[in-house]
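Colleague: This one is work.pdb, PDB, C-alpha atoms and all ligand atoms.
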ATOM      1  CA  MET A 234       8.135  28.678   6.701
ATOM      2  CA  ASP A 235       4.608  28.664   8.184
ATOM      3  CA  PHE A 236       3.836  25.848  10.577
ATOM      4  CA  LEU A 237       0.096  25.149  10.737
ATOM      5  CA  ARG A 238      -1.152  23.085  13.661
ATOM      6  CA  PRO A 239      -4.839  22.130  13.369
ATOM      7  CA  THR A 240      -6.332  20.129  16.210
ATOM      8  CA  THR A 241      -9.430  18.806  14.394
ATOM      9  CA  TRP A 242     -10.097  17.326  10.961
ATOM     10  CA  ALA A 243     -12.336  20.301  10.067
ATOM     11  CA  GLU A 244      -9.522  22.702  10.955
ATOM     12  CA  ALA A 245      -7.060  20.645   8.913
ATOM     13  CA  LEU A 246      -9.319  20.754   5.842
ATOM     14  CA  ALA A 247      -9.835  24.487   6.286
ATOM     15  CA  ALA A 248      -6.094  25.073   6.558
ATOM     16  CA  LYS A 249      -5.436  23.037   3.384
ATOM     17  CA  ALA A 250      -8.204  24.883   1.525
ATOM     18  CA  ASP A 251      -6.833  28.262   2.551
ATOM     19  CA  GLN A 252      -3.215  27.318   1.831
ATOM     20  CA  PRO A 253      -3.173  24.517  -0.789
ATOM     21  CA  ASP A 254       0.623  24.574  -1.074
ATOM     22  CA  ALA A 255       1.015  23.641   2.603
ATOM     23  CA  VAL A 256       2.698  20.225   2.808
ATOM     24  CA  PRO A 257       0.938  17.761   5.139
ATOM     25  CA  LEU A 258       3.161  16.305   7.836
ATOM     26  CA  GLN A 259       2.199  13.060   9.584
ATOM     27  CA  GLY A 260       4.991  10.844  10.902
ATOM     28  CA  GLY A 261       7.488  12.956   8.974
ATOM     29  CA  THR A 262       9.587   9.936   7.972
ATOM     30  CA  ASP A 263       9.424  11.032   4.328
ATOM     31  CA  VAL A 264       8.791  14.774   4.659
ATOM     32  CA  MET A 265      11.562  15.505   7.151
ATOM     33  CA  VAL A 266      14.099  13.514   5.149
ATOM     34  CA  GLU A 267      13.217  15.565   2.070
ATOM     35  CA  ILE A 268      13.505  18.827   3.990
ATOM     36  CA  ASN A 269      16.795  17.800   5.598
ATOM     37  CA  PHE A 270      18.231  16.920   2.195
ATOM     38  CA  ALA A 271      16.787  20.094   0.630
ATOM     39  CA  VAL A 272      14.733  18.048  -1.820
ATOM     40  CA  ARG A 273      11.916  20.449  -1.030
ATOM     41  CA  ARG A 274      11.483  23.734   0.789
ATOM     42  CA  PRO A 275       7.757  24.054   1.504
ATOM     43  CA  VAL A 276       6.361  27.489   2.218
ATOM     44  CA  ALA A 277       4.205  25.896   4.896
ATOM     45  CA  LEU A 278       3.934  22.624   6.784
ATOM     46  CA  LEU A 279       0.518  21.345   7.843
ATOM     47  CA  ASP A 280       1.175  19.311  10.974
ATOM     48  CA  LEU A 281      -1.555  16.665  11.298
ATOM     49  CA  THR A 282      -0.192  14.996  14.414
ATOM     50  CA  ARG A 283      -2.734  16.640  16.728
ATOM     51  CA  VAL A 284      -5.759  15.564  14.659
ATOM     52  CA  ALA A 285      -6.837  12.657  16.827
ATOM     53  CA  GLU A 286      -9.464  11.307  14.376
ATOM     54  CA  LEU A 287      -6.726  10.335  11.930
ATOM     55  CA  ALA A 288      -5.001   8.021  14.387
ATOM     56  CA  THR A 289      -7.861   5.563  14.980
ATOM     57  CA  TRP A 290      -9.282   2.596  13.090
ATOM     58  CA  SER A 291     -12.745   1.067  13.121
ATOM     59  CA  GLU A 292     -14.603  -1.886  11.654
ATOM     60  CA  GLN A 293     -18.097  -2.143  10.285
ATOM     61  CA  ASP A 294     -19.643  -5.075   8.422
ATOM     62  CA  GLY A 295     -16.254  -6.627   7.770
ATOM     63  CA  ARG A 296     -14.681  -3.461   6.336
ATOM     64  CA  TYR A 297     -11.847  -1.742   8.146
ATOM     65  CA  ARG A 298     -11.434   2.024   8.039
ATOM     66  CA  VAL A 299      -7.847   2.722   8.972
ATOM     67  CA  GLY A 300      -7.116   6.383   9.743
ATOM     68  CA  ALA A 301      -4.356   7.955   7.677
ATOM     69  CA  ALA A 302      -2.171   8.440  10.768
ATOM     70  CA  VAL A 303      -2.422   4.894  12.126
ATOM     71  CA  PRO A 304       1.227   3.826  12.395
ATOM     72  CA  TYR A 305       2.610   0.584  11.036
ATOM     73  CA  SER A 306       3.205  -0.684  14.580
ATOM     74  CA  THR A 307      -0.562  -0.501  15.275
ATOM     75  CA  ILE A 308      -1.380  -2.279  12.031
ATOM     76  CA  ILE A 309       1.023  -5.051  13.030
ATOM     77  CA  GLY A 310      -0.185  -5.236  16.626
ATOM     78  CA  GLU A 311      -3.938  -4.860  16.129
ATOM     79  CA  LEU A 312      -4.860  -5.644  12.530
ATOM     80  CA  GLY A 313      -2.661  -8.602  11.640
ATOM     81  CA  GLY A 314      -5.584 -11.046  11.811
ATOM     82  CA  ALA A 315      -8.026  -9.029   9.698
ATOM     83  CA  LEU A 316      -5.591  -7.444   7.247
ATOM     84  CA  PRO A 317      -2.721  -9.942   7.056
ATOM     85  CA  GLY A 318      -1.273  -8.729   3.735
ATOM     86  CA  LEU A 319      -0.999  -5.135   4.928
ATOM     87  CA  ALA A 320       0.393  -6.259   8.292
ATOM     88  CA  GLN A 321       3.048  -8.412   6.608
ATOM     89  CA  ALA A 322       4.102  -5.448   4.497
ATOM     90  CA  ALA A 323       4.112  -3.214   7.588
ATOM     91  CA  ARG A 324       6.520  -5.616   9.321
ATOM     92  CA  THR A 325       9.070  -5.040   6.550
ATOM     93  CA  VAL A 326       8.999  -1.237   6.769
ATOM     94  CA  GLY A 327      12.178   0.411   8.061
ATOM     95  CA  SER A 328      12.943  -0.151  11.737
ATOM     96  CA  PRO A 329      10.816  -0.130  14.926
ATOM     97  CA  GLN A 330      11.257   3.660  15.141
ATOM     98  CA  ILE A 331      10.042   4.150  11.566
ATOM     99  CA  ARG A 332       7.134   1.750  12.133
ATOM    100  CA  ASN A 333       6.115   3.751  15.221
ATOM    101  CA  ARG A 334       6.066   7.059  13.330
ATOM    102  CA  GLY A 335       5.355   6.099   9.727
ATOM    103  CA  SER A 336       1.797   5.661   8.515
ATOM    104  CA  VAL A 337      -0.097   4.186   5.589
ATOM    105  CA  GLY A 338      -1.499   7.678   4.983
ATOM    106  CA  GLY A 339       2.060   8.956   4.598
ATOM    107  CA  ASN A 340       2.955   6.056   2.304
ATOM    108  CA  LEU A 341      -0.056   6.948   0.127
ATOM    109  CA  GLY A 342       0.793  10.647   0.265
ATOM    110  CA  ALA A 343       4.340   9.967  -0.890
ATOM    111  CA  ALA A 344       3.082   7.491  -3.547
ATOM    112  CA  SER A 345       6.554   6.075  -4.116
ATOM    113  CA  PRO A 346       6.464   3.078  -6.466
ATOM    114  CA  ALA A 347       8.534   1.311  -3.784
ATOM    115  CA  GLY A 348       6.149   1.995  -0.877
ATOM    116  CA  ASP A 349       5.430  -1.272   0.891
ATOM    117  CA  SER A 350       1.769  -0.744   1.711
ATOM    118  CA  HIS A 351       0.699  -0.334  -1.920
ATOM    119  CA  PRO A 352       0.859  -3.950  -3.208
ATOM    120  CA  PRO A 353      -1.304  -5.395  -0.403
ATOM    121  CA  LEU A 354      -3.764  -2.497  -0.710
ATOM    122  CA  LEU A 355      -4.107  -3.214  -4.432
ATOM    123  CA  ALA A 356      -4.479  -6.958  -3.905
ATOM    124  CA  ALA A 357      -7.147  -6.470  -1.231
ATOM    125  CA  ASP A 358      -9.276  -3.981  -3.245
ATOM    126  CA  ALA A 359      -8.636  -1.124  -0.816
ATOM    127  CA  VAL A 360     -10.270   2.253  -1.306
ATOM    128  CA  ILE A 361      -8.672   5.547  -0.288
ATOM    129  CA  GLU A 362     -10.918   8.099   1.451
ATOM    130  CA  VAL A 363      -9.872  11.664   0.707
ATOM    131  CA  GLU A 364     -11.624  14.900   1.577
ATOM    132  CA  SER A 365     -11.517  18.627   1.024
ATOM    133  CA  ARG A 366     -13.455  21.405   2.693
ATOM    134  CA  ASP A 367     -15.103  22.551  -0.536
ATOM    135  CA  GLY A 368     -15.313  19.286  -2.486
ATOM    136  CA  GLY A 369     -16.335  16.877   0.263
ATOM    137  CA  VAL A 370     -15.388  13.202   0.405
ATOM    138  CA  ARG A 371     -14.076  11.129  -2.516
ATOM    139  CA  LEU A 372     -13.539   7.375  -2.369
ATOM    140  CA  ILE A 373     -10.758   6.354  -4.755
ATOM    141  CA  PRO A 374     -10.003   2.678  -5.481
ATOM    142  CA  ALA A 375      -6.324   1.975  -4.840
ATOM    143  CA  ALA A 376      -5.918   0.936  -8.497
ATOM    144  CA  GLU A 377      -6.879   4.508  -9.522
ATOM    145  CA  PHE A 378      -4.922   6.308  -6.828
ATOM    146  CA  TYR A 379      -1.366   6.014  -8.179
ATOM    147  CA  LEU A 380      -0.898   8.255 -11.206
ATOM    148  CA  GLY A 381       2.862   8.377 -11.746
ATOM    149  CA  VAL A 382       6.205   8.268  -9.972
ATOM    150  CA  LYS A 383       5.424   9.854  -6.580
ATOM    151  CA  ARG A 384       2.170  11.259  -7.974
ATOM    152  CA  ASN A 385      -1.261  10.376  -6.659
ATOM    153  CA  ALA A 386      -4.863  11.331  -7.356
ATOM    154  CA  LEU A 387      -5.090  13.908  -4.550
ATOM    155  CA  ARG A 388      -6.243  17.363  -5.533
ATOM    156  CA  LEU A 389      -4.327  20.306  -4.105
ATOM    157  CA  ASP A 390      -6.895  21.081  -1.423
ATOM    158  CA  GLU A 391      -7.483  17.438  -0.416
ATOM    159  CA  LEU A 392      -6.140  15.380   2.459
ATOM    160  CA  ILE A 393      -6.153  11.630   2.979
ATOM    161  CA  ARG A 394      -8.588  10.747   5.721
ATOM    162  CA  ALA A 395      -8.394   6.930   5.783
ATOM    163  CA  VAL A 396      -7.985   3.752   3.832
ATOM    164  CA  HIS A 397     -10.857   1.261   3.662
ATOM    165  CA  VAL A 398      -9.821  -2.380   3.451
ATOM    166  CA  PRO A 399     -12.161  -5.386   3.472
ATOM    167  CA  ALA A 400     -11.297  -7.985   6.096
ATOM    168  CA  ALA A 401      -9.372 -10.791   4.429
ATOM    169  CA  SER A 402     -11.765 -13.428   3.111
ATOM    170  CA  GLY A 403      -8.854 -15.750   2.290
ATOM    171  CA  PRO A 404      -5.091 -16.048   2.703
ATOM    172  CA  GLN A 405      -2.924 -13.045   1.845
ATOM    173  CA  TYR A 406       0.823 -12.833   1.393
ATOM    174  CA  PHE A 407       3.408 -10.128   0.763
ATOM    175  CA  SER A 408       6.968 -10.677  -0.382
ATOM    176  CA  LYS A 409       9.756  -8.124  -0.752
ATOM    177  CA  VAL A 410      13.242  -8.345  -2.195
ATOM    178  CA  GLY A 411      15.782  -5.976  -0.672
ATOM    179  CA  THR A 412      19.519  -5.613  -0.648
ATOM    180  CA  ARG A 413      19.507  -6.637   3.025
ATOM    181  CA  ASN A 414      16.984  -7.951   5.541
ATOM    182  CA  ALA A 415      15.848  -4.771   7.301
ATOM    183  CA  MET A 416      15.808  -0.981   6.847
ATOM    184  CA  VAL A 417      15.648  -1.378   3.128
ATOM    185  CA  ILE A 418      13.649   0.077   0.262
ATOM    186  CA  ALA A 419      12.169  -2.667  -1.877
ATOM    187  CA  VAL A 420      14.086  -3.693  -4.974
ATOM    188  CA  CYS A 421      10.671  -5.040  -5.867
ATOM    189  CA  SER A 422       7.714  -6.553  -4.060
ATOM    190  CA  PHE A 423       4.580  -8.565  -4.705
ATOM    191  CA  ALA A 424       1.294  -9.231  -2.891
ATOM    192  CA  VAL A 425      -1.506 -11.721  -3.419
ATOM    193  CA  ALA A 426      -4.928 -11.880  -1.788
ATOM    194  CA  LEU A 427      -7.191 -14.868  -2.333
ATOM    195  CA  HIS A 428     -10.894 -14.039  -2.562
ATOM    196  CA  PRO A 429     -12.366 -17.568  -2.439
ATOM    197  CA  GLY A 430     -15.980 -16.330  -2.354
ATOM    198  CA  ASP A 431     -15.489 -14.714  -5.770
ATOM    199  CA  ARG A 432     -13.076 -17.412  -7.018
ATOM    200  CA  ARG A 433     -10.589 -14.577  -7.654
ATOM    201  CA  VAL A 434      -7.009 -13.700  -6.757
ATOM    202  CA  GLY A 435      -5.947 -10.055  -6.293
ATOM    203  CA  THR A 436      -2.374  -8.964  -6.954
ATOM    204  CA  GLY A 437      -0.125  -5.962  -6.424
ATOM    205  CA  LEU A 438       3.374  -5.195  -7.722
ATOM    206  CA  GLY A 439       5.745  -2.773  -6.032
ATOM    207  CA  SER A 440       8.907  -1.083  -7.295
ATOM    208  CA  ALA A 441       8.547  -2.730 -10.689
ATOM    209  CA  ALA A 442       6.847   0.040 -12.688
ATOM    210  CA  PRO A 443       6.378   3.832 -12.465
ATOM    211  CA  THR A 444       3.455   3.188 -10.122
ATOM    212  CA  PRO A 445       2.352   0.322  -7.916
ATOM    213  CA  ARG A 446      -0.030  -1.715 -10.075
ATOM    214  CA  ARG A 447      -2.041  -4.901 -10.324
ATOM    215  CA  ALA A 448      -1.033  -7.751 -12.629
ATOM    216  CA  LEU A 449      -4.388  -7.761 -14.373
ATOM    217  CA  GLU A 450      -3.633 -10.343 -17.054
ATOM    218  CA  ALA A 451      -2.308 -12.709 -14.373
ATOM    219  CA  GLU A 452      -5.458 -12.172 -12.288
ATOM    220  CA  GLU A 453      -7.712 -12.874 -15.275
ATOM    221  CA  PHE A 454      -5.738 -15.996 -16.101
ATOM    222  CA  LEU A 455      -6.178 -17.369 -12.573
ATOM    223  CA  ALA A 456      -9.888 -16.515 -12.531
ATOM    224  CA  GLY A 457     -10.293 -18.737 -15.585
ATOM    225  CA  GLU A 458      -7.868 -21.534 -14.755
ATOM    226  CA  LEU A 459      -7.766 -22.151 -11.006
ATOM    227  CA  ASP A 460      -9.489 -25.199  -9.621
ATOM    228  CA  TRP A 461     -10.273 -24.013  -6.090
ATOM    229  CA  ASP A 462     -10.768 -27.570  -4.795
ATOM    230  CA  ALA A 463      -7.487 -29.040  -6.011
ATOM    231  CA  PRO A 464      -3.749 -28.658  -5.463
ATOM    232  CA  LEU A 465      -2.107 -25.980  -7.594
ATOM    233  CA  ASP A 466      -1.362 -27.171 -11.103
ATOM    234  CA  PRO A 467       2.383 -26.496 -11.710
ATOM    235  CA  ALA A 468       1.629 -25.319 -15.254
ATOM    236  CA  VAL A 469      -0.897 -22.787 -13.926
ATOM    237  CA  LEU A 470       1.588 -21.607 -11.312
ATOM    238  CA  ARG A 471       4.319 -21.172 -13.924
ATOM    239  CA  ARG A 472       2.050 -19.239 -16.264
ATOM    240  CA  PHE A 473       0.895 -17.030 -13.382
ATOM    241  CA  GLY A 474       4.542 -16.138 -12.691
ATOM    242  CA  GLU A 475       5.127 -15.321 -16.361
ATOM    243  CA  LEU A 476       2.044 -13.113 -16.591
ATOM    244  CA  ALA A 477       2.856 -11.333 -13.309
ATOM    245  CA  ALA A 478       6.316 -10.537 -14.695
ATOM    246  CA  ARG A 479       4.697  -9.243 -17.903
ATOM    247  CA  ALA A 480       2.838  -6.657 -15.830
ATOM    248  CA  ALA A 481       6.145  -5.156 -14.707
ATOM    249  CA  SER A 482       7.851  -2.320 -16.578
ATOM    250  CA  PRO A 483      10.822  -1.719 -14.312
ATOM    251  CA  ILE A 484      13.913   0.432 -14.658
ATOM    252  CA  ASP A 485      17.590  -0.188 -13.962
ATOM    253  CA  ASP A 486      18.704   1.747 -10.902
ATOM    254  CA  VAL A 487      21.114   1.522  -7.980
ATOM    255  CA  ARG A 488      18.959  -1.092  -6.254
ATOM    256  CA  GLY A 489      18.605  -3.521  -9.151
ATOM    257  CA  THR A 490      18.351  -4.010 -12.875
ATOM    258  CA  ALA A 491      15.122  -4.180 -14.809
ATOM    259  CA  GLY A 492      15.943  -7.754 -15.795
ATOM    260  CA  TYR A 493      16.468  -8.812 -12.197
ATOM    261  CA  ARG A 494      13.243  -7.123 -11.090
ATOM    262  CA  THR A 495      11.210  -8.830 -13.802
ATOM    263  CA  HIS A 496      12.655 -12.192 -12.831
ATOM    264  CA  ALA A 497      12.107 -11.560  -9.116
ATOM    265  CA  ILE A 498       8.463 -10.593  -9.685
ATOM    266  CA  SER A 499       7.792 -13.916 -11.372
ATOM    267  CA  VAL A 500       9.500 -15.811  -8.528
ATOM    268  CA  MET A 501       7.612 -13.869  -5.826
ATOM    269  CA  ALA A 502       4.316 -14.314  -7.671
ATOM    270  CA  ARG A 503       4.799 -18.078  -7.711
ATOM    271  CA  ARG A 504       5.949 -18.166  -4.084
ATOM    272  CA  THR A 505       3.179 -16.026  -2.643
ATOM    273  CA  LEU A 506       0.503 -17.918  -4.548
ATOM    274  CA  THR A 507       1.973 -21.228  -3.362
ATOM    275  CA  TRP A 508       1.955 -20.078   0.281
ATOM    276  CA  ALA A 509      -1.584 -18.758  -0.034
ATOM    277  CA  TRP A 510      -2.799 -21.922  -1.745
ATOM    278  CA  HIS A 511      -1.281 -24.061   0.971
ATOM    279  CA  ASP A 512      -3.270 -22.090   3.575
ATOM    280  CA  HIS A 513      -6.411 -22.176   1.430
ATOM    281  CA  LEU A 514      -6.397 -25.966   1.135
ATOM    282  CA  GLY A 515      -5.446 -26.304   4.813
ATOM    283  CA  ARG A 516      -8.462 -24.235   5.876
ATOM    284  CA  ARG A 517     -10.768 -26.328   3.704
ATOM    285  CA  ALA A 518      -9.422 -29.521   5.235
ATOM    286  CA  ALA A 519      -9.774 -28.226   8.813
TER     287      ALA A 519
HETATM  288  C1  LIG B   1      15.014   5.126   7.620
HETATM  289  C2  LIG B   1      13.763   5.004   6.793
HETATM  290  C3  LIG B   1      13.344   3.756   6.375
HETATM  291  C4  LIG B   1      12.189   3.617   5.608
HETATM  292  N1  LIG B   1      11.805   2.360   5.203
HETATM  293  C5  LIG B   1      10.690   2.218   4.452
HETATM  294  C6  LIG B   1      10.285   0.933   4.022
HETATM  295  O1  LIG B   1      10.912  -0.073   4.322
HETATM  296  N2  LIG B   1       9.153   0.847   3.269
HETATM  297  C7  LIG B   1       8.415   1.951   2.924
HETATM  298  O2  LIG B   1       7.395   1.810   2.245
HETATM  299  N3  LIG B   1       8.783   3.183   3.322
HETATM  300  C8  LIG B   1       9.895   3.351   4.072
HETATM  301  N4  LIG B   1      10.284   4.607   4.461
HETATM  302  C9  LIG B   1       9.497   5.774   4.031
HETATM  303  C10 LIG B   1       8.420   6.226   5.039
HETATM  304  O3  LIG B   1       8.692   5.751   6.340
HETATM  305  C11 LIG B   1       7.024   5.709   4.611
HETATM  306  O4  LIG B   1       6.691   6.176   3.330
HETATM  307  C12 LIG B   1       5.934   6.140   5.598
HETATM  308  O5  LIG B   1       4.763   5.406   5.303
HETATM  309  C13 LIG B   1       5.634   7.624   5.564
HETATM  310  O6  LIG B   1       4.663   7.882   6.558
HETATM  311  P1  LIG B   1       4.714   9.229   7.432
HETATM  312  O7  LIG B   1       3.508   9.233   8.297
HETATM  313  O8  LIG B   1       6.022   9.364   8.115
HETATM  314  O9  LIG B   1       4.582  10.307   6.273
HETATM  315  P2  LIG B   1       5.121  11.814   6.167
HETATM  316  O10 LIG B   1       6.584  11.843   5.986
HETATM  317  O11 LIG B   1       4.553  12.656   7.248
HETATM  318  O12 LIG B   1       4.403  12.188   4.778
HETATM  319  C14 LIG B   1       4.709  11.495   3.586
HETATM  320  C15 LIG B   1       3.986  12.154   2.413
HETATM  321  O13 LIG B   1       2.591  12.009   2.572
HETATM  322  C16 LIG B   1       1.965  13.292   2.667
HETATM  323  N5  LIG B   1       0.895  13.130   3.669
HETATM  324  C17 LIG B   1       1.026  12.670   4.938
HETATM  325  N6  LIG B   1      -0.178  12.579   5.531
HETATM  326  C18 LIG B   1      -1.086  12.999   4.610
HETATM  327  C19 LIG B   1      -2.512  13.145   4.608
HETATM  328  N7  LIG B   1      -3.262  12.813   5.668
HETATM  329  N8  LIG B   1      -3.101  13.603   3.483
HETATM  330  C20 LIG B   1      -2.368  13.911   2.383
HETATM  331  N9  LIG B   1      -1.023  13.786   2.320
HETATM  332  C21 LIG B   1      -0.393  13.350   3.414
HETATM  333  C22 LIG B   1       3.069  14.255   3.049
HETATM  334  O14 LIG B   1       2.822  15.582   2.663
HETATM  335  C23 LIG B   1       4.235  13.641   2.290
HETATM  336  O15 LIG B   1       4.182  14.006   0.931
HETATM  337  C24 LIG B   1      11.445   4.771   5.250
HETATM  338  C25 LIG B   1      11.848   6.042   5.699
HETATM  339  C26 LIG B   1      13.000   6.164   6.461
HETATM  340  C27 LIG B   1      13.422   7.521   6.930
END
In structure tokens, how does this file's structure come out?
Modeller:
Amino acid sequence: MDFLRPTTWAEALAAKADQPDAVPLQGGTDVMVEINFAVRRPVALLDLTRVAELATWSEQDGRYRVGAAVPYSTIIGELGGALPGLAQAARTVGSPQIRNRGSVGGNLGAASPAGDSHPPLLAADAVIEVESRDGGVRLIPAAEFYLGVKRNALRLDELIRAVHVPAASGPQYFSKVGTRNAMVIAVCSFAVALHPGDRRVGTGLGSAAPTPRRALEAEEFLAGELDWDAPLDPAVLRRFGELAARAASPIDDVRGTAGYRTHAISVMARRTLTWAWHDHLGRRAA
């Protein structure tokens, strides 16, 4: 097995262009597990850990550009105020060791329907920045990034450079059901992001369909029905839960049944919206 060790982003792109079947390696918390369990035997590994540019984040005009290698622990420690939905999801990932190694870039690369960063990225209108040596930069909205079970929109010669996330303009919440409290893959998960300026609520479902996805019908319903100056109408909340559940198309597996997942999505949708609405009205009153 070849082991490629670029030290700059340009070298990494060149290596991927020259050897498109090389498997990128960031924190290795997915890749190494797959290699150890012989799920895959790559002909080459492209170690990105020495590409310093990937491990930094920056902010400009209220938009955060989070490098693909930024670990969950940094998102929790440094970005919790600006990107609260993503930081909440990051807090639920694995253990401290996994959060120190694992990255959002790796979560996007793996594109598991159960990946915890996906629902908050969808709810917050994140955009994935990918690049190849010969094709240049592409900016892919999160909603277009997930193509199938563990399949994403990356071309063979492309690498993920960063994820762009607007600073939260309103409350954001993430909720995850697991079979225990920590070190657990989501049975299913749900994220909401309030965008009060646009009178809009973003959503994201995890582990409840072949890909992470938004609950579009539920979002459209809220855009038409929410009174942003009033307490939540229980009928609106109930309908939101029903429509969020309708967006799910889950399977039965060892972690949970499709029926349970559909029910849990509706409960989490109602809960997260209630929490967010409580904060929204609290901020207005302050
Ligand atoms: C014990 C344990 C617990 C876990 N718990 C959770 C959990 O609770 N929630 C959760 O969501 N995940 C969990 N995971 C999975 C894993 O930690 C996450 O998916 C993590 O985000 C992967 O990041 P990484 O940097 O380690 O990726 P890697 O393993 O290095 O890579 C993951 C995938 O992304 C690709 N990739 C990496 N970087 C790039 C890049 N720049 N461009 C293109 N492709 C790239 C790789 O080729 C690979 O396909 C767990 C894993 C373990 C071992």
Colleague: Taking the file as shown, what set of residues would the PyMOL selection byres (((not hetatm)) within 6 of (chain B and resi 1)) give back, as an MDAnalysis selection string?
Modeller: chainID A and resid 256:264 301 325:327 331 334:340 342:343 348:349 392:394 416:418
Colleague: Give me, please, the distance in Å between CA of Asp390 (chain A) and CA of Ala250 (chain A), quoted to one decimal.
Modeller: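 Computing the Euclidean distance for CA of Asp390 (chain A) and CA of Ala250 (chain A) yields 5.0 Å.
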Colleague: Which residues of region 279-357 of chain A come within 8 Å of region 419-431 of chain A, and what is each one's closest atom pair and distance in Å (one decimal), counting only C-alpha atoms, sorted by chain and residue number, as a Markdown table?
Modeller:
| residue | atom | partner | partner_atom | distance |
| --- | --- | --- | --- | --- |
| A:Gly318 | CA | A:Ala424 | CA | 7.1 |
| A:Ala347 | CA | A:Ala419 | CA | 5.7 |
| A:Gly348 | CA | A:Ala419 | CA | 7.7 |
| A:Asp349 | CA | A:Ala419 | CA | 7.4 |
| A:Pro352 | CA | A:Ala424 | CA | 5.3 |
| A:Pro353 | CA | A:Ala424 | CA | 5.3 |
| A:Ala356 | CA | A:Ala426 | CA | 5.4 |
| A:Ala357 | CA | A:Ala426 | CA | 5.9 |
Colleague: Now that the selection is made, can you save its residues with C-alpha atoms as an mmCIF file, in the frame of the given file?
Modeller:
data_model
loop_
_atom_site.group_PDB
_atom_site.id
_atom_site.type_symbol
_atom_site.label_atom_id
_atom_site.label_comp_id
_atom_site.auth_asym_id
_atom_site.auth_seq_id
_atom_site.Cartn_x
_atom_site.Cartn_y
_atom_site.Cartn_z
ATOM 1 C CA GLY A 318 -1.273 -8.729 3.735
ATOM 2 C CA ALA A 347 8.534 1.311 -3.784
ATOM 3 C CA GLY A 348 6.149 1.995 -0.877
ATOM 4 C CA ASP A 349 5.430 -1.272 0.891
ATOM 5 C CA PRO A 352 0.859 -3.950 -3.208
ATOM 6 C CA PRO A 353 -1.304 -5.395 -0.403
ATOM 7 C CA ALA A 356 -4.479 -6.958 -3.905
ATOM 8 C CA ALA A 357 -7.147 -6.470 -1.231
#
Colleague: May I ask for the distance between CA of Trp508 (chain A) and CA of Phe378 (chain A), given in Å to one decimal place?
Modeller: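 These atoms are spaced 28.2 Å apart.
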Colleague: In Å, rounded to a single decimal, give me how far CA of Arg371 (chain A) is from CA of Arg324 (chain A).
Modeller: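 Calculated distance between CA of Arg324 (chain A) and CA of Arg371 (chain A) is 29.1 Å.
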Colleague: Which residue is closest to Arg479 (chain A)? Choose from A:Ser499, A:Ser328, A:Thr507, A:Thr240 and count only C-alpha atoms.
Modeller: A:Ser499
Colleague: Can you pull out every residue within 12 Å of Arg517 (chain A), counting only C-alpha atoms, but drop anything in the same chain fewer than 3 positions away, and send it as a ChimeraX atom specification?
Modeller: /A:403-404,429,461-464,510-514
Colleague: Kindly provide, as JSON, the centre and edge lengths (Å, one decimal) of an axis-aligned box around all atoms of region 358-371 of chain A given in the file, with 5 Å on each side.
Modeller:
{"center_x": -12.5, "center_y": 9.3, "center_z": -0.3, "size_x": 17.7, "size_y": 36.5, "size_z": 15.9}
Colleague: Which residues, written as a PyMOL selection string, have at least one atom at most 8 Å from Leu354 (chain A), with all atoms listed in the file counted and residues fewer than 3 positions away on the same chain left out?
Modeller: chain A and resi 319+350-351+357-359+375+398+437
Colleague: So, counting all atoms listed in the file, which residue among A:Leu355, A:Ala502, A:Ala395, A:Val299 is closest to Val370 (chain A)?
Modeller: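 Nearest to Val370 (chain A): A:Ala395.
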Colleague: Measuring atom to atom with only C-alpha atoms, identify which of A:Pro399, A:Pro253, A:Pro445, A:Pro467 is nearest to Val360 (chain A).
Modeller: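 Using only C-alpha atoms, the shortest distance to Val360 (chain A) belongs to A:Pro399.
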Colleague: Within 10 Å of (1.4, 20.7, 9.2) (file coordinates; all atoms listed in the file), which protein or nucleic acid residues are there? I'd like them as an MDAnalysis selection string.
Modeller: chainID A and resid 235:239 245 248:249 255:259 261 277:283
